[in-house]
Amino acid sequence: MAESGYLVNRTKDGSEACYYVNQTGGNYFQSTSALTTSLPLFALQLSVVLFTTRLLLLILRPLRQPSIVALIIAGVLLGPSALGATPLFFDHVLPLKAVKVLETFANLALVYYMFLFGLEMDLKPIMNSGSEAIRIAISGILIPLGFGFGLFYLLQLLDSNAKEISSFKGSIFWAITLTATNFPDVAQVLTDLKLLRTDIGRLAMSSAVSSDFCTWILLVVAMSLLNAYPYYVLPSILAFVLLCGFVIRPVISKIASHAVKGDDFTEQHIWFILGWIVFFGFITDAFGLHSMVGSFMLGVIMPRRDVIRMKLMERLDDFVSVIMMPLFFLTSGTRTDVGFMLKETPWYAIFIIIFLSFGAKILSTLLVFLLHNKPMEDGFALGVIMNTKGVMSIIIINAGRNIKVLNNQTFTIMVFSALAMTCLVEPIVAATYKPRKKLLRYKHRTIESVLENGVEFKILACVLSNRDAPCMISLLEASNASPDFPICVIAVHLVELTGRNTAMLIVHDHSMTSMSNPVRAKSESDQIIFAFNSYEKRNGAVSVQTITAISPYENMHEDICSLALDKRVSLIIIPFQTVLTADGRVEDAKSTFPAMNQYVLENATCSVGLLVDRGLGSIMQTGPARNSSSSKGHRIAMIFIGGPDDREALAYAWRMAGHPEISLAVLRFLPGRIAAQSTSEHSSNGHDELSSSMTIEEREKRLDDDYTYEFMFKTLDDESITYTEKVVNNGDETLAEIRRNDADFDLYIVGRGEKTQSVLTSGLSDWNSCQELGTMGDTLASSNFASHASVLVVQQYVPKNYIANPHGFSASHDGSRTWRPLMVSEQVPFGNTTSISHRYVYDQEEDDDDDYDYDRK
């Protein structure tokens with residue numbers, strides 16, 4: 001059997017006081033009496049380590065350090081390196097008599113942690129990794145292995161005190177530690193550096209997953225070979241793996257399938273699985289390996305069903321990662337004596353070992369990039385990121401310490417090296433790597449551009465819950481997909497990242513079993529995916545790709561914007577969360593995610609739409625609109641005030657008007673005499689800067705006239721489209737006209753108009769409660785506006801240095817465009833009536849050409 005033990009360094013002269021526990025297996029099954037007598041002391045230890053960890057997390061958070069750094073430092077501070085060296089702390093908090101209980105819970109935490117690790121591990125990304133990621137992972141295993149062996153022997157040459165231990169066996173664990181790249185912490189580092197969705201970020205994630213898996217295999221093999229009975233351990237473990245894969249896994253899958261299908265997956269199933277985690281750990285511990293190997297195998301063979309995974313994560317994730325795992329790092333910290341290391345080891349030796357350890361992954365990555373003729377700057381940054389160590393590294397080092405192939409000195413040096421490497425990753429990458437902001441020059445970033453060129457309309461449709469799917473699909477169906485004007489939908493289910501989970505994107509395949517059987521689509525994600533795939537099947541001109549994005553709410557806008565850029569979409573649609581009252585009405589729109597909406601509006605590289613749903617999904621699927629006198633089924637109103645956002649909203653409404661079941665009413669508001677005089681007086685009293693802004697306003701007005709004229713001219717013969725102009729002087733008159741013309745519409749489409757100051761909405765902004773909806777959008781979405789119609793607020797993508805130019809080129813590099821006025825022979829005389837139907841406003845006076853520039857980031 002494996003000889004396991006807990007080594008505690010206490011003496012100040014460098015000698016070791018050893019306390020061994022259960023030397024023949026069962027290293028976390030202790031006597032009941034020991035647990036009972038030490039529980040009060042254990043509660044004190046738990047309180048101390050949790051307080052220290054939380055305090056360090058608060059301190060290190062502004063420094064953008066991974067949480068693993070706080071855990072390691074907390075263990076070191078509570079060990080003999082700091083507080084553990086004081087007699088008071090040693091006698092009353094970490095005495096030798098408490099070692100049994102402390103290690104029991106620490107190993108139990110490790111067992112459950114590895115089960116969660118196996119539960120989350122998906123082999124598909126490893127199998128689907130590109131050749132470059134596989135080469136980086138293999139190179140990142142082989143070269144650090146050589147470095148690990150060499151550095152261990154180098155330490156023997158630099159420090160005579162290190163020769164007291166077996167070089168070969170100790171070097172194995174040093175080598176395996178250097179190969180480790182912790183996948184969850186890599187994801188956190190990439191998220192902090194805003195590189196998660198970049199090419200180098202995706203390559204780092206793929207390489208880290210493969211490297212993590214290979215490191216785990218190396219650890220199991222090494223522990224088997226170094227066991228006292230390797231010829232017994234290796235066949236036993238191989239037989240256990242085969243038994244898990246071909247016997248136990250099908251049985252568990254069948255039981256889980258029956259439980260999920262009958263919707264009777266209860267608490268008893270959860271407790272049964274928790275008991276089996278401990279049992280599997282006991283089996284591998286009896287074979288001579290660590291108990292964590294068995295729990296990891298159980299996690300790997302668990303069926304990949306969202307219901308089971310979610311319930312298990314709910315029960316274990318926070319408890320294990322937040323409460324239990326700090327105990328494991330405390331046990332590791334009690335074995336770490338930094339003072340002794342600094343006293344016995346020359347400082348230059350420590351520096352050389354850390355420097356060369358850090359360079360192993362960098363060298364391996366640079367070699368792969370050199371073979372692929374890729375930029376060395378990217379290779380260096382990726383190599384630094386691959387040095388991110390985590391729980392796996394500390395597990396490997398402690399495994400070597402347990403079987404006594406690492407002593408106090410070599411163990412402490414390796415822990416200190418892993419800590420230093422992880423701490424240096426983010427600062428080095430942030431200081432040295434300036435990612436080339438490769439401009440994805442896709443032309444169609446706006447709906448205007450799509451409408452003008454007749455290309456495929458790409459929409460990123462975000463869904464936060466099941467409630468959002470029907471209204472989102474109804475809006476997409478109203479977007480008028482046809483063989484001549486196809487639509488590509490990227491449907492993204494946004495899921496909040498909680499606990500120890502890793503931020504990720506999950507691309508769903510149409511061949512998933514839950515998609516073919518709606519009865520099995522029990523989870524929220526499956527129901528959403530099934531709904532969008534059904535929409536795709538109903539319309540041959542639509543292609544749908546479903547993605548689940550898991551990230552914290554504060555970073556969710558990065559996923560949305562990065563996906564929009566990667567997929568080259570023209571429009572992002574986000575559901576604006578509302579609250580339903582008891583009578584079915586919608587209260588004032590109070591967004592659950594105002595920060596996310598605002599960040600998307602500010603950072604998106606295409607147009608954005610916020611959808612306030614008031615039953616749009618049910619209305620659009622129940623046939624003709626209520627009280628509709630039109631021959632077409634559903635009525636949409638577009639409110640046009642002026643500016644780029646309103647032109648974009650009109651472009652979207654124009655496309656919808658081509659749908660055979662939709663009628664469109666466009667209501668444009670023009671300033672009356674009082675409003676014009678007020679604007680004129682304001683302009684005459686202003687300074688040069690204000691005069692310049694008024695010139696831009698006049699240019700925007702000319703663009704509005706050009707675009708509405710083009711819209712009118714091309715829709716004159718379409719009876720399903722009505723165009724009306726109203727002259728008003730302030731916001732109250734505008735709102736009164738909207739209410740007067742309200743014909744029980746199903747949907748209002750308006751521009752956000754955040755950057756457009758108009759006298760026609762003056763006074764309405766004083767009552768705004770949701771800034772992200774804009775003045776008109778917030779007014780229509782509020783409960784004070786007596787309408788059951790849904791509201792779509794559109795913001796057009798405009799480059800930062802945009803200058804309105806009514807007679808510039810027709811299309812810019814990024815897809816935004818200015819509208820070419822029609823020829824004089826195509827013009828119709830202007831009418832000066834207060835209410836004009838199918839008429840237009842056009843001024844033939846022209847300004848000089850002024851291009852609007854593209855912001856090349």
# chains A, B, ... in the order shown; residues from 1 in each chain; ligands from 1
call {"tool": "residues_around", "arguments": {"residues": "region 646-653 of chain A", "least_positions_apart": "3", "cutoff": "6 Å", "atoms": "only C-alpha atoms", "output": "PyMOL selection string"}}
result
chain A and resi 448+640+642-643+656+750-751+794+796
call {"tool": "write_last_selection", "arguments": {"atoms": "N, CA and C atoms", "output": "JSON list (two decimals), in the first residue's frame"}}
result
[["chain", "number", "residue", "atom", "x", "y", "z"],
["A", 448, "GLU", "N", -28.85, 49.77, -42.40],
["A", 448, "GLU", "CA", -28.89, 50.57, -43.63],
["A", 448, "GLU", "C", -28.05, 49.94, -44.72],
["A", 640, "PHE", "N", -40.24, 58.70, -36.10],
["A", 640, "PHE", "CA", -39.02, 59.30, -36.65],
["A", 640, "PHE", "C", -38.89, 60.74, -36.14],
["A", 642, "GLY", "N", -35.36, 62.11, -35.88],
["A", 642, "GLY", "CA", -34.21, 62.58, -36.63],
["A", 642, "GLY", "C", -32.91, 62.09, -36.03],
["A", 643, "GLY", "N", -31.88, 61.93, -36.85],
["A", 643, "GLY", "CA", -30.58, 61.48, -36.41],
["A", 643, "GLY", "C", -30.24, 60.09, -36.91],
["A", 656, "MET", "N", -38.93, 45.16, -42.38],
["A", 656, "MET", "CA", -40.08, 44.43, -41.86],
["A", 656, "MET", "C", -41.32, 44.63, -42.72],
["A", 750, "VAL", "N", -38.27, 52.77, -32.53],
["A", 750, "VAL", "CA", -37.77, 54.14, -32.38],
["A", 750, "VAL", "C", -36.26, 54.11, -32.34],
["A", 751, "GLY", "N", -35.65, 55.23, -32.65],
["A", 751, "GLY", "CA", -34.22, 55.39, -32.49],
["A", 751, "GLY", "C", -33.89, 55.81, -31.06],
["A", 794, "VAL", "N", -33.53, 51.29, -31.22],
["A", 794, "VAL", "CA", -32.41, 50.98, -32.10],
["A", 794, "VAL", "C", -31.35, 52.07, -32.00],
["A", 796, "GLN", "N", -27.80, 53.10, -33.99],
["A", 796, "GLN", "CA", -26.95, 52.82, -35.15],
["A", 796, "GLN", "C", -25.48, 52.89, -34.77]]
call {"tool": "atom_distance", "arguments": {"atom1": "CA of Glu120 (chain A)", "atom2": "CA of Met297 (chain A)"}}
result
11.7 Å
call {"tool": "closest_atom_pairs", "arguments": {"of": "region 391-425 of chain A", "to": "region 178-186 of chain A", "cutoff": "8 Å", "atoms": "only C-alpha atoms", "output": "Markdown table"}}
result
| residue | atom | partner | partner_atom | distance |
| --- | --- | --- | --- | --- |
| A:Val391 | CA | A:Asn182 | CA | 7.3 |
| A:Met392 | CA | A:Asn182 | CA | 6.7 |
| A:Ser393 | CA | A:Ala180 | CA | 6.2 |
call {"tool": "residues_around", "arguments": {"residues": "Trp654 (chain A)", "least_positions_apart": "5", "cutoff": "12 Å", "atoms": "only C-alpha atoms", "output": "ChimeraX atom specification"}}
result
/A:447-448,450-452,478-480,636-638,646-649,659,662-666,707-708,710-712,714-715,718,720-723,749
call {"tool": "write_last_selection", "arguments": {"atoms": "N, CA and C atoms", "output": "short mmCIF file (atom, residue, chain, number, x, y, z; two decimals), in the first residue's frame"}}
result
data_model
loop_
_atom_site.label_atom_id
_atom_site.label_comp_id
_atom_site.auth_asym_id
_atom_site.auth_seq_id
_atom_site.Cartn_x
_atom_site.Cartn_y
_atom_site.Cartn_z
N ILE A 447 -27.89 48.24 -40.35
CA ILE A 447 -29.04 47.74 -41.11
C ILE A 447 -29.18 48.50 -42.41
N GLU A 448 -28.85 49.77 -42.40
CA GLU A 448 -28.89 50.57 -43.63
C GLU A 448 -28.05 49.94 -44.72
N VAL A 450 -27.07 46.80 -44.97
CA VAL A 450 -27.66 45.53 -45.40
C VAL A 450 -28.81 45.78 -46.36
N LEU A 451 -29.67 46.76 -46.04
CA LEU A 451 -30.82 47.05 -46.89
C LEU A 451 -30.39 47.57 -48.24
N GLU A 452 -29.35 48.37 -48.24
CA GLU A 452 -28.90 48.96 -49.50
C GLU A 452 -28.28 47.93 -50.44
N ALA A 478 -40.49 38.57 -37.97
CA ALA A 478 -40.97 39.80 -38.60
C ALA A 478 -39.89 40.49 -39.42
N SER A 479 -38.65 40.03 -39.32
CA SER A 479 -37.54 40.68 -40.03
C SER A 479 -37.48 40.31 -41.49
N ASN A 480 -38.46 39.52 -41.96
CA ASN A 480 -38.67 39.30 -43.39
C ASN A 480 -37.50 38.58 -44.06
N ILE A 636 -47.06 47.72 -37.20
CA ILE A 636 -45.82 48.23 -36.61
C ILE A 636 -45.77 49.73 -36.87
N ALA A 637 -45.40 50.49 -35.85
CA ALA A 637 -45.27 51.94 -35.97
C ALA A 637 -43.82 52.32 -35.79
N MET A 638 -43.35 53.23 -36.65
CA MET A 638 -42.00 53.75 -36.54
C MET A 638 -42.08 55.25 -36.28
N ASP A 646 -32.49 57.13 -35.64
CA ASP A 646 -33.82 57.07 -36.25
C ASP A 646 -33.76 56.56 -37.69
N ARG A 647 -32.71 56.92 -38.39
CA ARG A 647 -32.57 56.41 -39.76
C ARG A 647 -32.34 54.90 -39.73
N GLU A 648 -31.59 54.43 -38.75
CA GLU A 648 -31.37 52.99 -38.62
C GLU A 648 -32.67 52.28 -38.24
N ALA A 649 -33.44 52.87 -37.35
CA ALA A 649 -34.73 52.30 -36.97
C ALA A 649 -35.67 52.25 -38.16
N HIS A 659 -42.64 42.03 -45.15
CA HIS A 659 -43.27 40.79 -44.70
C HIS A 659 -44.74 40.80 -45.09
N ILE A 662 -47.38 42.00 -42.31
CA ILE A 662 -47.06 43.18 -41.51
C ILE A 662 -47.42 44.45 -42.28
N SER A 663 -48.03 45.38 -41.59
CA SER A 663 -48.25 46.73 -42.14
C SER A 663 -47.47 47.72 -41.30
N LEU A 664 -46.96 48.75 -41.95
CA LEU A 664 -46.07 49.71 -41.30
C LEU A 664 -46.64 51.12 -41.39
N ALA A 665 -46.61 51.82 -40.26
CA ALA A 665 -46.99 53.23 -40.22
C ALA A 665 -45.79 54.03 -39.73
N VAL A 666 -45.29 54.93 -40.58
CA VAL A 666 -44.16 55.79 -40.24
C VAL A 666 -44.68 57.17 -39.90
N TYR A 707 -33.00 60.50 -46.63
CA TYR A 707 -33.38 59.11 -46.41
C TYR A 707 -34.90 58.93 -46.40
N THR A 708 -35.61 59.83 -45.74
CA THR A 708 -37.07 59.71 -45.74
C THR A 708 -37.63 59.90 -47.14
N GLU A 710 -36.08 59.00 -49.92
CA GLU A 710 -35.84 57.75 -50.63
C GLU A 710 -36.85 56.69 -50.19
N PHE A 711 -37.12 56.64 -48.89
CA PHE A 711 -38.10 55.68 -48.38
C PHE A 711 -39.47 55.92 -49.00
N MET A 712 -39.90 57.19 -49.02
CA MET A 712 -41.22 57.51 -49.58
C MET A 712 -41.31 57.19 -51.06
N LYS A 714 -39.73 55.04 -52.83
CA LYS A 714 -39.71 53.61 -53.16
C LYS A 714 -40.90 52.85 -52.60
N THR A 715 -41.70 53.48 -51.77
CA THR A 715 -42.84 52.78 -51.17
C THR A 715 -44.17 53.45 -51.53
N ASP A 718 -46.97 50.95 -52.26
CA ASP A 718 -47.20 49.89 -51.27
C ASP A 718 -48.30 50.34 -50.32
N SER A 720 -49.53 48.83 -47.85
CA SER A 720 -49.34 48.42 -46.45
C SER A 720 -48.47 49.40 -45.68
N ILE A 721 -47.94 50.40 -46.38
CA ILE A 721 -47.06 51.37 -45.73
C ILE A 721 -47.70 52.75 -45.80
N THR A 722 -47.81 53.40 -44.66
CA THR A 722 -48.29 54.79 -44.61
C THR A 722 -47.21 55.66 -44.00
N TYR A 723 -47.06 56.84 -44.57
CA TYR A 723 -46.06 57.80 -44.09
C TYR A 723 -46.76 59.12 -43.78
N ILE A 749 -41.15 51.00 -33.13
CA ILE A 749 -39.71 51.03 -33.42
C ILE A 749 -39.26 52.48 -33.38
#
call {"tool": "select_by_dssp", "arguments": {"residues": "region 340-496 of chain A", "states": "strand (DSSP E)", "output": "list in words"}}
result
Phe457, Lys458, Ile459, Leu460, Ala461, Cys462, Val463, Ile487, Cys488, Val489, Ile490, Ala491, Val492, His493, Leu494, Val495 and Glu496 of chain A
call {"tool": "write_last_selection", "arguments": {"atoms": "C-alpha atoms", "output": "compact mmCIF listing (two decimals), in the first residue's frame"}}
result
# COMPACT_ATOMS: atom_id res chain seq x y z
CA PHE A 457 -28.69 40.05 -42.60
CA LYS A 458 -26.69 38.79 -39.61
CA ILE A 459 -28.33 39.25 -36.21
CA LEU A 460 -26.94 38.42 -32.77
CA ALA A 461 -30.05 37.63 -30.70
CA CYS A 462 -29.42 37.52 -26.94
CA VAL A 463 -31.71 35.59 -24.60
CA ILE A 487 -31.07 36.07 -42.34
CA CYS A 488 -28.33 34.49 -40.25
CA VAL A 489 -29.18 34.36 -36.53
CA ILE A 490 -26.60 33.79 -33.82
CA ALA A 491 -28.79 32.97 -30.81
CA VAL A 492 -26.87 33.45 -27.55
CA HIS A 493 -28.19 32.24 -24.20
CA LEU A 494 -26.55 34.45 -21.55
CA VAL A 495 -25.90 32.55 -18.32
CA GLU A 496 -24.48 34.09 -15.18
call {"tool": "select_by_dssp", "arguments": {"residues": "region 223-444 of chain A", "states": "helix (DSSP H, G or I)", "output": "PyMOL selection string"}}
result
chain A and resi 223-225+230-261+267-287+291-301+306-334+338-344+347-371+376-385+391-402+408-432
call {"tool": "residues_around", "arguments": {"residues": "Gly118 (chain A)", "least_positions_apart": "3", "cutoff": "8 Å", "atoms": "only C-alpha atoms", "output": "ChimeraX atom specification"}}
result
/A:114-115,121,295-300
call {"tool": "atom_distance", "arguments": {"atom1": "CA of Glu477 (chain A)", "atom2": "CA of Phe532 (chain A)"}}
result
10.9 Å
call {"tool": "residues_around", "arguments": {"residues": "Gly148 (chain A)", "least_positions_apart": "3", "cutoff": "8 Å", "atoms": "only C-alpha atoms", "output": "PyMOL selection string"}}
result
chain A and resi 144-145+151-152+171-172+174-178+357
call {"tool": "residues_around", "arguments": {"residues": "region 216-224 of chain A", "least_positions_apart": "2", "cutoff": "7 Å", "atoms": "only C-alpha atoms", "output": "JSON, numbers by chain"}}
result
{"A": [176, 212, 213, 214, 226, 227, 230, 233, 234, 289]}
call {"tool": "residues_around", "arguments": {"residues": "Leu330 (chain A)", "least_positions_apart": "6", "cutoff": "8 Å", "atoms": "only C-alpha atoms", "output": "VMD selection string"}}
result
chain A and resid 49 74 to 76 78 to 79
call {"tool": "write_last_selection", "arguments": {"atoms": "C-alpha atoms", "output": "mmCIF file, in the first residue's frame"}}
result
data_model
loop_
_atom_site.group_PDB
_atom_site.id
_atom_site.type_symbol
_atom_site.label_atom_id
_atom_site.label_comp_id
_atom_site.auth_asym_id
_atom_site.auth_seq_id
_atom_site.Cartn_x
_atom_site.Cartn_y
_atom_site.Cartn_z
ATOM 1 C CA VAL A 49 -8.259 30.544 7.234
ATOM 2 C CA ALA A 74 -3.106 32.582 2.989
ATOM 3 C CA GLY A 75 -1.734 29.078 3.609
ATOM 4 C CA VAL A 76 1.847 30.334 3.686
ATOM 5 C CA LEU A 78 -0.699 30.809 8.512
ATOM 6 C CA GLY A 79 2.173 28.322 8.313
#
call {"tool": "decode", "arguments": {"residues": "region 198-297 of chain A", "atoms": "C-alpha atoms", "output": "JSON list (two decimals), in the first residue's frame"}}
result
[["chain", "number", "residue", "atom", "x", "y", "z"],
["A", 198, "THR", "CA", -9.22, 37.01, -29.17],
["A", 199, "ASP", "CA", -7.33, 34.54, -31.35],
["A", 200, "ILE", "CA", -4.57, 34.20, -28.77],
["A", 201, "GLY", "CA", -7.18, 33.73, -26.05],
["A", 202, "ARG", "CA", -8.90, 30.90, -27.88],
["A", 203, "LEU", "CA", -5.54, 29.28, -28.61],
["A", 204, "ALA", "CA", -4.54, 29.57, -24.95],
["A", 205, "MET", "CA", -7.80, 27.98, -23.78],
["A", 206, "SER", "CA", -7.50, 25.04, -26.18],
["A", 207, "SER", "CA", -3.85, 24.48, -25.27],
["A", 208, "ALA", "CA", -4.56, 24.77, -21.53],
["A", 209, "VAL", "CA", -7.32, 22.13, -21.65],
["A", 210, "SER", "CA", -5.05, 19.67, -23.46],
["A", 211, "SER", "CA", -2.12, 20.45, -21.18],
["A", 212, "ASP", "CA", -4.26, 20.02, -18.05],
["A", 213, "PHE", "CA", -5.44, 16.61, -19.21],
["A", 214, "CYS", "CA", -1.92, 15.41, -20.06],
["A", 215, "THR", "CA", -0.56, 16.65, -16.72],
["A", 216, "TRP", "CA", -3.25, 14.71, -14.90],
["A", 217, "ILE", "CA", -2.27, 11.50, -16.74],
["A", 218, "LEU", "CA", 1.41, 12.09, -15.95],
["A", 219, "LEU", "CA", 0.63, 12.50, -12.24],
["A", 220, "VAL", "CA", -1.35, 9.25, -12.07],
["A", 221, "VAL", "CA", 1.40, 7.34, -13.89],
["A", 222, "ALA", "CA", 4.14, 8.85, -11.71],
["A", 223, "MET", "CA", 2.35, 8.05, -8.47],
["A", 224, "SER", "CA", 1.78, 4.49, -9.68],
["A", 225, "LEU", "CA", 5.43, 3.95, -10.65],
["A", 226, "LEU", "CA", 6.78, 5.44, -7.44],
["A", 227, "ASN", "CA", 4.53, 3.26, -5.30],
["A", 228, "ALA", "CA", 6.10, 0.46, -3.28],
["A", 229, "TYR", "CA", 4.11, -2.05, -5.36],
["A", 230, "PRO", "CA", 3.99, -0.62, -8.91],
["A", 231, "TYR", "CA", 3.21, -3.97, -10.52],
["A", 232, "TYR", "CA", 0.11, -4.17, -8.35],
["A", 233, "VAL", "CA", -0.98, -0.54, -8.68],
["A", 234, "LEU", "CA", -0.78, -0.11, -12.45],
["A", 235, "PRO", "CA", -2.93, -3.15, -13.40],
["A", 236, "SER", "CA", -5.39, -2.29, -10.65],
["A", 237, "ILE", "CA", -5.82, 1.27, -11.85],
["A", 238, "LEU", "CA", -6.10, 0.18, -15.49],
["A", 239, "ALA", "CA", -8.78, -2.35, -14.55],
["A", 240, "PHE", "CA", -10.58, 0.30, -12.50],
["A", 241, "VAL", "CA", -10.59, 2.77, -15.42],
["A", 242, "LEU", "CA", -11.95, 0.13, -17.81],
["A", 243, "LEU", "CA", -14.60, -0.86, -15.28],
["A", 244, "CYS", "CA", -15.67, 2.78, -14.92],
["A", 245, "GLY", "CA", -15.81, 3.38, -18.66],
["A", 246, "PHE", "CA", -17.55, 0.21, -19.85],
["A", 247, "VAL", "CA", -19.63, -0.96, -16.89],
["A", 248, "ILE", "CA", -20.30, 1.74, -14.31],
["A", 249, "ARG", "CA", -20.79, 4.60, -16.77],
["A", 250, "PRO", "CA", -23.61, 2.91, -18.78],
["A", 251, "VAL", "CA", -25.38, 1.93, -15.55],
["A", 252, "ILE", "CA", -25.21, 5.45, -14.13],
["A", 253, "SER", "CA", -26.28, 6.94, -17.46],
["A", 254, "LYS", "CA", -29.33, 4.64, -17.61],
["A", 255, "ILE", "CA", -30.35, 5.48, -14.05],
["A", 256, "ALA", "CA", -29.89, 9.20, -14.67],
["A", 257, "SER", "CA", -31.83, 9.05, -17.94],
["A", 258, "HIS", "CA", -34.76, 7.37, -16.24],
["A", 259, "ALA", "CA", -34.70, 9.86, -13.34],
["A", 260, "VAL", "CA", -34.51, 12.92, -15.60],
["A", 261, "LYS", "CA", -37.16, 11.64, -18.01],
["A", 262, "GLY", "CA", -39.58, 11.04, -15.17],
["A", 263, "ASP", "CA", -38.64, 14.36, -13.60],
["A", 264, "ASP", "CA", -37.95, 12.58, -10.31],
["A", 265, "PHE", "CA", -34.27, 13.43, -9.84],
["A", 266, "THR", "CA", -34.57, 14.06, -6.10],
["A", 267, "GLU", "CA", -32.40, 14.84, -3.12],
["A", 268, "GLN", "CA", -31.91, 11.13, -2.55],
["A", 269, "HIS", "CA", -30.09, 10.88, -5.88],
["A", 270, "ILE", "CA", -27.84, 13.76, -4.85],
["A", 271, "TRP", "CA", -26.92, 12.16, -1.52],
["A", 272, "PHE", "CA", -26.38, 8.84, -3.27],
["A", 273, "ILE", "CA", -23.85, 10.45, -5.64],
["A", 274, "LEU", "CA", -22.11, 12.25, -2.77],
["A", 275, "GLY", "CA", -21.66, 8.93, -1.03],
["A", 276, "TRP", "CA", -20.29, 7.33, -4.17],
["A", 277, "ILE", "CA", -17.69, 10.10, -4.46],
["A", 278, "VAL", "CA", -16.22, 9.05, -1.11],
["A", 279, "PHE", "CA", -16.51, 5.36, -2.03],
["A", 280, "PHE", "CA", -14.63, 5.82, -5.31],
["A", 281, "GLY", "CA", -11.94, 7.72, -3.44],
["A", 282, "PHE", "CA", -11.62, 4.86, -0.98],
["A", 283, "ILE", "CA", -11.16, 2.36, -3.83],
["A", 284, "THR", "CA", -8.24, 4.17, -5.47],
["A", 285, "ASP", "CA", -6.72, 4.88, -2.06],
["A", 286, "ALA", "CA", -6.82, 1.15, -1.36],
["A", 287, "PHE", "CA", -5.11, 0.52, -4.71],
["A", 288, "GLY", "CA", -2.21, 2.71, -3.59],
["A", 289, "LEU", "CA", -3.10, 5.95, -5.34],
["A", 290, "HIS", "CA", -4.53, 9.11, -3.85],
["A", 291, "SER", "CA", -8.26, 9.13, -3.20],
["A", 292, "MET", "CA", -8.68, 12.11, -5.54],
["A", 293, "VAL", "CA", -8.08, 9.81, -8.53],
["A", 294, "GLY", "CA", -11.27, 7.87, -7.83],
["A", 295, "SER", "CA", -13.43, 10.94, -7.34],
["A", 296, "PHE", "CA", -12.04, 12.44, -10.55],
["A", 297, "MET", "CA", -12.95, 9.29, -12.47]]
